[in-house]
$ cat start-v9.csv   # CSV, C-alpha atoms
chain,number,residue,atom,x,y,z
K,189,MET,CA,-64.6,23.0,-16.1
K,190,SER,CA,-61.3,22.5,-14.4
K,191,ASP,CA,-58.1,22.6,-16.3
K,192,PRO,CA,-56.6,19.3,-17.3
K,193,ILE,CA,-54.0,17.9,-15.0
K,194,GLN,CA,-50.5,18.2,-16.6
K,195,VAL,CA,-48.4,15.1,-16.0
K,196,ARG,CA,-44.8,15.9,-15.7
K,197,GLY,CA,-42.1,13.5,-16.8
K,198,PRO,CA,-39.4,12.3,-14.4
K,199,ARG,CA,-37.0,15.0,-13.2
K,200,HIS,CA,-33.5,14.4,-14.5
K,201,ARG,CA,-30.8,15.0,-12.0
K,202,GLY,CA,-27.9,16.9,-13.4
K,203,ILE,CA,-24.2,17.0,-12.3
K,204,TYR,CA,-22.0,19.8,-11.4
K,205,LEU,CA,-19.6,20.6,-14.3
K,206,LEU,CA,-16.6,22.4,-12.7
K,207,PRO,CA,-15.4,19.9,-10.1
K,208,ASN,CA,-16.1,17.0,-12.4
K,209,LEU,CA,-14.0,18.6,-15.1
K,210,PHE,CA,-11.0,18.5,-12.7
K,211,THR,CA,-11.8,14.9,-11.9
K,212,THR,CA,-12.0,14.1,-15.6
K,213,GLY,CA,-8.6,15.8,-16.1
K,214,ALA,CA,-7.1,13.7,-13.4
K,215,MET,CA,-8.4,10.5,-15.0
K,216,PHE,CA,-7.1,11.7,-18.4
K,217,ALA,CA,-3.7,12.2,-16.9
K,218,GLY,CA,-3.7,8.7,-15.4
K,219,PHE,CA,-4.8,7.3,-18.8
K,220,TYR,CA,-2.1,9.3,-20.5
K,221,ALA,CA,0.5,7.8,-18.1
K,222,ILE,CA,-0.5,4.3,-19.2
K,223,VAL,CA,-0.3,5.2,-22.9
K,224,SER,CA,3.1,6.9,-22.3
K,225,ALA,CA,4.4,3.9,-20.5
K,226,ILE,CA,3.3,1.5,-23.3
K,227,GLY,CA,5.2,3.8,-25.7
K,228,GLY,CA,8.3,3.6,-23.5
K,229,HIS,CA,8.2,7.3,-22.3
K,230,TYR,CA,8.5,6.5,-18.6
K,231,ALA,CA,9.5,9.9,-17.3
K,232,VAL,CA,6.5,11.4,-19.1
K,233,ALA,CA,4.3,8.7,-17.6
K,234,ALA,CA,5.6,9.5,-14.1
K,235,LEU,CA,5.0,13.2,-14.6
K,236,ALA,CA,1.5,12.5,-15.8
K,237,VAL,CA,0.7,10.7,-12.5
K,238,PHE,CA,1.9,13.8,-10.6
K,239,VAL,CA,-0.3,16.0,-12.7
K,240,ALA,CA,-3.2,13.7,-11.9
K,241,GLY,CA,-2.4,14.2,-8.2
K,242,ILE,CA,-2.5,18.0,-8.5
K,243,LEU,CA,-5.9,17.9,-10.3
K,244,ASP,CA,-7.2,15.3,-7.8
K,245,GLY,CA,-6.4,17.6,-5.0
K,246,MET,CA,-8.2,20.5,-6.7
K,247,ASP,CA,-11.5,18.9,-7.5
K,248,GLY,CA,-12.6,18.5,-3.9
K,249,ARG,CA,-11.5,22.0,-3.0
K,250,VAL,CA,-13.3,23.5,-6.0
K,251,ALA,CA,-16.5,21.6,-5.0
K,252,ARG,CA,-16.3,22.9,-1.5
K,253,MET,CA,-15.6,26.5,-2.6
K,254,THR,CA,-18.4,26.5,-5.1
K,255,ASN,CA,-20.8,24.5,-2.9
K,256,THR,CA,-21.2,21.9,-5.6
K,257,GLN,CA,-20.5,18.7,-3.6
K,258,SER,CA,-22.5,15.7,-4.7
K,259,GLU,CA,-22.6,11.9,-4.2
K,260,PHE,CA,-21.9,11.5,-8.0
K,261,GLY,CA,-18.7,13.6,-7.6
K,262,VAL,CA,-17.6,11.4,-4.7
K,263,GLN,CA,-18.0,8.2,-6.6
K,264,TYR,CA,-16.6,9.6,-9.8
K,265,ASP,CA,-13.5,10.8,-7.9
K,266,SER,CA,-13.0,7.3,-6.5
K,267,LEU,CA,-13.1,5.8,-10.0
K,268,SER,CA,-10.7,8.4,-11.2
K,269,ASP,CA,-8.3,7.7,-8.3
K,270,LEU,CA,-8.4,4.0,-9.1
K,271,VAL,CA,-7.2,4.7,-12.7
K,272,SER,CA,-4.7,7.4,-11.8
K,273,PHE,CA,-3.2,6.1,-8.6
K,274,GLY,CA,-4.0,2.4,-8.9
K,275,LEU,CA,-3.8,1.1,-12.4
K,276,ALA,CA,-1.5,3.7,-13.9
K,277,PRO,CA,1.4,3.3,-11.4
K,278,ALA,CA,1.0,-0.5,-11.5
K,279,LEU,CA,1.2,-0.6,-15.3
K,280,VAL,CA,4.1,2.0,-15.4
K,281,MET,CA,6.1,-0.1,-12.9
K,282,TYR,CA,5.4,-3.3,-14.8
K,283,THR,CA,6.3,-2.0,-18.3
K,284,TRP,CA,9.3,-0.1,-17.0
K,285,ALA,CA,10.9,-2.7,-14.7
K,286,LEU,CA,8.8,-5.6,-13.5
K,287,SER,CA,8.2,-7.2,-16.9
K,288,SER,CA,12.0,-7.6,-17.4
K,289,LEU,CA,12.0,-10.1,-14.5
K,290,ALA,CA,10.8,-12.7,-17.1
K,291,SER,CA,14.3,-12.8,-18.4
K,292,TYR,CA,15.3,-14.6,-15.2
K,293,GLY,CA,12.8,-17.4,-15.8
K,294,PRO,CA,9.0,-17.9,-16.1
K,295,VAL,CA,8.6,-17.9,-12.3
K,296,TRP,CA,10.2,-14.5,-12.0
K,297,GLY,CA,8.0,-13.3,-14.8
K,298,LYS,CA,4.9,-14.3,-12.8
K,299,ILE,CA,6.3,-12.6,-9.7
K,300,GLY,CA,6.8,-9.4,-11.7
K,301,TRP,CA,3.2,-9.1,-12.9
K,302,ALA,CA,1.9,-10.4,-9.5
K,303,ALA,CA,3.7,-7.5,-7.8
K,304,ALA,CA,2.1,-5.0,-10.1
K,305,PHE,CA,-1.3,-6.6,-9.5
K,306,ILE,CA,-0.8,-6.5,-5.7
K,307,TYR,CA,-0.3,-2.8,-6.0
K,308,ALA,CA,-3.4,-2.3,-8.1
K,309,VAL,CA,-5.7,-4.4,-6.0
K,310,CYS,CA,-4.4,-2.8,-2.8
K,311,ALA,CA,-5.2,0.6,-4.3
K,312,ALA,CA,-8.7,-0.5,-5.0
K,313,LEU,CA,-9.2,-2.0,-1.5
K,314,ARG,CA,-7.7,1.2,0.0
K,315,LEU,CA,-10.2,3.4,-1.9
K,316,ALA,CA,-13.2,1.1,-1.0
K,317,ARG,CA,-12.2,1.2,2.7
K,318,PHE,CA,-11.8,5.0,2.6
K,319,ASN,CA,-15.3,5.4,1.1
K,320,THR,CA,-16.9,3.3,3.8
K,321,GLN,CA,-15.1,5.3,6.6
K,322,VAL,CA,-16.1,8.8,5.4
K,323,GLY,CA,-17.6,10.7,8.3
K,324,VAL,CA,-16.4,8.1,10.9
K,325,ALA,CA,-12.6,8.1,10.7
K,326,ASP,CA,-10.4,10.8,12.3
K,327,LYS,CA,-9.8,13.4,9.6
K,328,ARG,CA,-6.4,14.2,11.0
K,329,TYR,CA,-5.0,10.8,10.0
K,330,PHE,CA,-5.2,8.4,7.1
K,331,GLN,CA,-5.6,4.7,7.9
K,332,GLY,CA,-3.0,3.3,5.6
K,333,LEU,CA,-0.9,5.1,3.0
K,334,ALA,CA,-3.1,7.2,0.7
K,335,SER,CA,-3.2,6.0,-2.9
K,336,PRO,CA,-1.8,9.4,-4.3
K,337,ALA,CA,1.1,9.1,-1.8
K,338,ALA,CA,1.8,5.5,-2.8
K,339,ALA,CA,1.7,6.5,-6.5
K,340,GLY,CA,4.0,9.4,-5.8
K,341,LEU,CA,6.5,7.1,-4.1
K,342,CYS,CA,6.6,4.7,-7.1
K,343,MET,CA,6.5,7.3,-9.8
K,344,SER,CA,9.2,9.6,-8.2
K,345,PHE,CA,11.4,6.5,-8.1
K,346,VAL,CA,10.8,5.9,-11.8
K,347,TRP,CA,11.4,9.6,-12.6
K,348,THR,CA,14.6,9.7,-10.6
K,349,MET,CA,16.0,6.6,-12.2
K,350,GLU,CA,15.1,7.8,-15.7
K,351,LYS,CA,16.7,11.2,-15.1
K,352,PHE,CA,20.0,9.5,-14.3
K,353,ASP,CA,19.7,7.1,-17.3
K,354,ILE,CA,19.2,4.1,-15.1
K,355,SER,CA,17.1,1.6,-16.9
K,356,GLY,CA,14.2,-0.2,-15.3
K,357,PRO,CA,15.5,-3.7,-15.9
K,358,SER,CA,18.7,-2.8,-14.0
K,359,VAL,CA,16.8,-1.9,-10.9
K,360,ALA,CA,13.9,-4.4,-11.3
K,361,PHE,CA,14.8,-6.1,-8.0
K,362,PHE,CA,14.4,-2.8,-6.2
K,363,ALA,CA,11.2,-1.9,-8.0
K,364,LEU,CA,9.7,-5.3,-7.0
K,365,PRO,CA,9.7,-4.8,-3.2
K,366,LEU,CA,8.9,-1.1,-3.7
K,367,ALA,CA,5.6,-1.9,-5.5
K,368,VAL,CA,4.6,-4.6,-3.0
K,369,ILE,CA,5.5,-2.5,0.1
K,370,ALA,CA,3.6,0.6,-1.3
K,371,GLY,CA,0.6,-1.6,-2.0
K,372,LEU,CA,0.6,-3.3,1.4
K,373,LEU,CA,1.0,0.0,3.2
K,374,MET,CA,-2.2,1.2,1.5
K,375,VAL,CA,-4.3,-1.5,3.1
K,376,SER,CA,-2.4,-1.5,6.5
K,377,ASN,CA,-3.5,0.0,9.7
K,378,VAL,CA,-0.5,2.3,9.8
K,379,ARG,CA,-1.5,5.9,10.5
K,380,TYR,CA,-0.4,8.8,8.3
K,381,TYR,CA,-0.9,12.4,9.0
K,382,SER,CA,-3.4,13.8,6.5
K,383,PHE,CA,-2.7,17.5,6.8
K,384,LYS,CA,-6.4,18.1,6.5
K,385,ALA,CA,-6.6,19.7,9.9
K,386,TRP,CA,-3.8,22.1,9.1
K,387,PRO,CA,-3.6,25.0,9.3
K,388,LYS,CA,-6.1,25.5,12.1
K,389,GLY,CA,-6.5,29.2,11.4
K,390,ASP,CA,-5.8,31.9,8.8
K,391,ARG,CA,-2.3,32.6,10.2
K,392,VAL,CA,0.7,30.3,10.3
K,393,PRO,CA,4.1,30.6,11.9
K,394,PHE,CA,6.6,32.6,9.7
K,395,ILE,CA,8.9,29.6,9.6
K,396,TRP,CA,6.4,27.8,7.5
K,397,LEU,CA,6.6,30.4,4.8
K,398,ILE,CA,10.4,30.0,4.7
K,399,ALA,CA,10.1,26.3,4.5
K,400,ALA,CA,7.6,26.5,1.7
K,401,VAL,CA,9.9,28.8,-0.3
K,402,LEU,CA,12.9,26.4,0.3
K,403,ILE,CA,10.8,23.4,-0.9
K,404,VAL,CA,9.7,25.3,-4.1
K,405,VAL,CA,13.4,26.2,-4.8
K,406,LEU,CA,14.5,22.6,-4.3
K,407,LEU,CA,11.7,21.4,-6.6
K,408,LEU,CA,12.9,23.8,-9.3
K,409,VAL,CA,16.5,22.7,-8.9
K,410,ASP,CA,15.9,18.9,-8.9
K,411,THR,CA,12.2,18.0,-9.1
K,412,ALA,CA,12.6,14.2,-9.4
K,413,ARG,CA,14.9,13.7,-6.5
K,414,VAL,CA,13.2,16.1,-4.2
K,415,LEU,CA,9.8,14.4,-4.8
K,416,PHE,CA,11.4,11.0,-4.2
K,417,ALA,CA,13.0,12.2,-1.0
K,418,VAL,CA,9.7,13.7,0.3
K,419,ALA,CA,7.8,10.5,-0.7
K,420,VAL,CA,10.3,8.3,1.2
K,421,ILE,CA,10.2,10.5,4.3
K,422,TYR,CA,6.4,10.6,4.3
K,423,THR,CA,6.1,6.8,3.7
K,424,VAL,CA,8.5,6.1,6.6
K,425,SER,CA,6.7,8.6,8.9
K,426,GLY,CA,3.7,6.4,9.1
K,427,PRO,CA,5.3,3.3,10.7
K,428,VAL,CA,7.5,5.5,12.9
K,429,MET,CA,4.5,7.5,14.1
K,430,THR,CA,2.4,4.3,14.6
K,431,LEU,CA,5.1,2.5,16.6
K,432,TRP,CA,5.8,5.7,18.7
K,433,GLY,CA,2.1,6.0,19.5
K,434,ARG,CA,1.8,2.4,20.6
K,435,ALA,CA,4.9,2.7,22.8
K,436,THR,CA,3.5,5.9,24.3
K,437,ARG,CA,0.2,4.2,25.1
K,438,ARG,CA,2.0,1.2,26.7
K,439,ARG,CA,4.1,3.5,28.9
K,440,ARG,CA,0.9,5.4,29.9
K,441,ALA,CA,-0.9,2.2,30.7
K,442,ARG,CA,2.0,1.0,32.9
K,443,ARG,CA,2.1,4.3,34.7
K,444,ASN,CA,-1.7,4.1,35.3
K,445,ALA,CA,-1.4,0.5,36.5
K,446,LYS,CA,1.4,1.5,39.0
K,447,ALA,CA,-0.6,4.4,40.2
K,448,ALA,CA,-3.7,2.2,40.8
K,449,ASP,CA,-1.6,-0.2,43.0
$ encode --input "start-v9.csv" --output "structure tokens"
Amino acid sequence: MSDPIQVRGPRHRGIYLLPNLFTTGAMFAGFYAIVSAIGGHYAVAALAVFVAGILDGMDGRVARMTNTQSEFGVQYDSLSDLVSFGLAPALVMYTWALSSLASYGPVWGKIGWAAAFIYAVCAALRLARFNTQVGVADKRYFQGLASPAAAGLCMSFVWTMEKFDISGPSVAFFALPLAVIAGLLMVSNVRYYSFKAWPKGDRVPFIWLIAAVLIVVLLLVDTARVLFAVAVIYTVSGPVMTLWGRATRRRRARRNAKAAD
């Protein structure tokens, strides 16, 4: 008599713990930024978003180093990014400065929260577009400003103003276009260098080591202003590089057309 057939239950698919812990930490930092902003601790909120950026940069590297990449981790990372670099910066900007626009009238109050919403929805659209282009887009460049960079631009501005005791309401009309521009750049076709293809080998020029040391020293001396300066330079680099590339292609096309005549 043959043995009875054992019917196994459905196999439960687990998740990898280590990289998802970093992703959870990034989401927690974004959530903490929101809570801190509600409590009026805006510099702490800005710092929390930068902590989220550090943790977000580590989870993917940890997954690749430990060979624990998964589709679950990719989707979870996107949700974490939406909280940390979409909702958190938008709410920090709103509670810090944009909400004060209501003192100029109900229309300005609506413009204030609309600017914060534009930033948040553009971050969501940016992440959705990025997920659909994985494996297709050129890894050397981002199409549109990456959401962590956009969050860094806004939060370094908040941190710098808070460090010099400049209140949000007094610079609300600067924070308004900053939030809108950062949001629109995320969904634009402007190209930004991703740094994913660098360095190409194990060795780098010695000058890069000196530059890294100088950046670390500057960050220790004045973290907020250095981060803001770096964020502004990187944000401006995208339109400059895009316009330069278009002009170069036009000149090349004209030369080719003349050569063909």
$ residues_around --input "start-v9.csv" --residues "Leu205 (chain K)" --least-positions-apart "6" --cutoff "10 Å" --atoms "all atoms listed in the file" --output "list in words"
Thr211, Ala251, Thr256 and Gly261 of chain K
$ closest_atom_pairs --input "start-v9.csv" --of "region 335-376 of chain K" --to "region 263-279 of chain K" --cutoff "7 Å" --atoms "all atoms listed in the file" --output "JSON lines"
{"residue": "K:Ser335", "atom": "CA", "partner": "K:Phe273", "partner_atom": "CA", "distance": 5.7}
{"residue": "K:Pro336", "atom": "CA", "partner": "K:Phe273", "partner_atom": "CA", "distance": 5.6}
{"residue": "K:Ala339", "atom": "CA", "partner": "K:Phe273", "partner_atom": "CA", "distance": 5.3}
{"residue": "K:Cys342", "atom": "CA", "partner": "K:Pro277", "partner_atom": "CA", "distance": 6.9}
{"residue": "K:Met343", "atom": "CA", "partner": "K:Pro277", "partner_atom": "CA", "distance": 6.7}
$ residues_around --input "start-v9.csv" --residues "region 418-432 of chain K" --least-positions-apart "3" --cutoff "8 Å" --atoms "all atoms listed in the file" --output "PyMOL selection string"
chain K and resi 333+337-338+340-341+344+378-381+414-415+435-436
$ residues_around --input "start-v9.csv" --residues "region 300-317 of chain K" --least-positions-apart "3" --cutoff "8 Å" --atoms "all atoms listed in the file" --output "VMD selection string"
chain K and resid 266 269 to 270 273 to 275 278 to 279 281 to 282 286 to 290 296 to 297 320 to 321 332 334 to 335 364 367 to 368 370 to 372 374 to 375
$ closest_residue --input "start-v9.csv" --among "K:Val239, K:Val250, K:Ala233, K:Val346" --to "Ala214 (chain K)" --atoms "only C-alpha atoms"
K:Val239
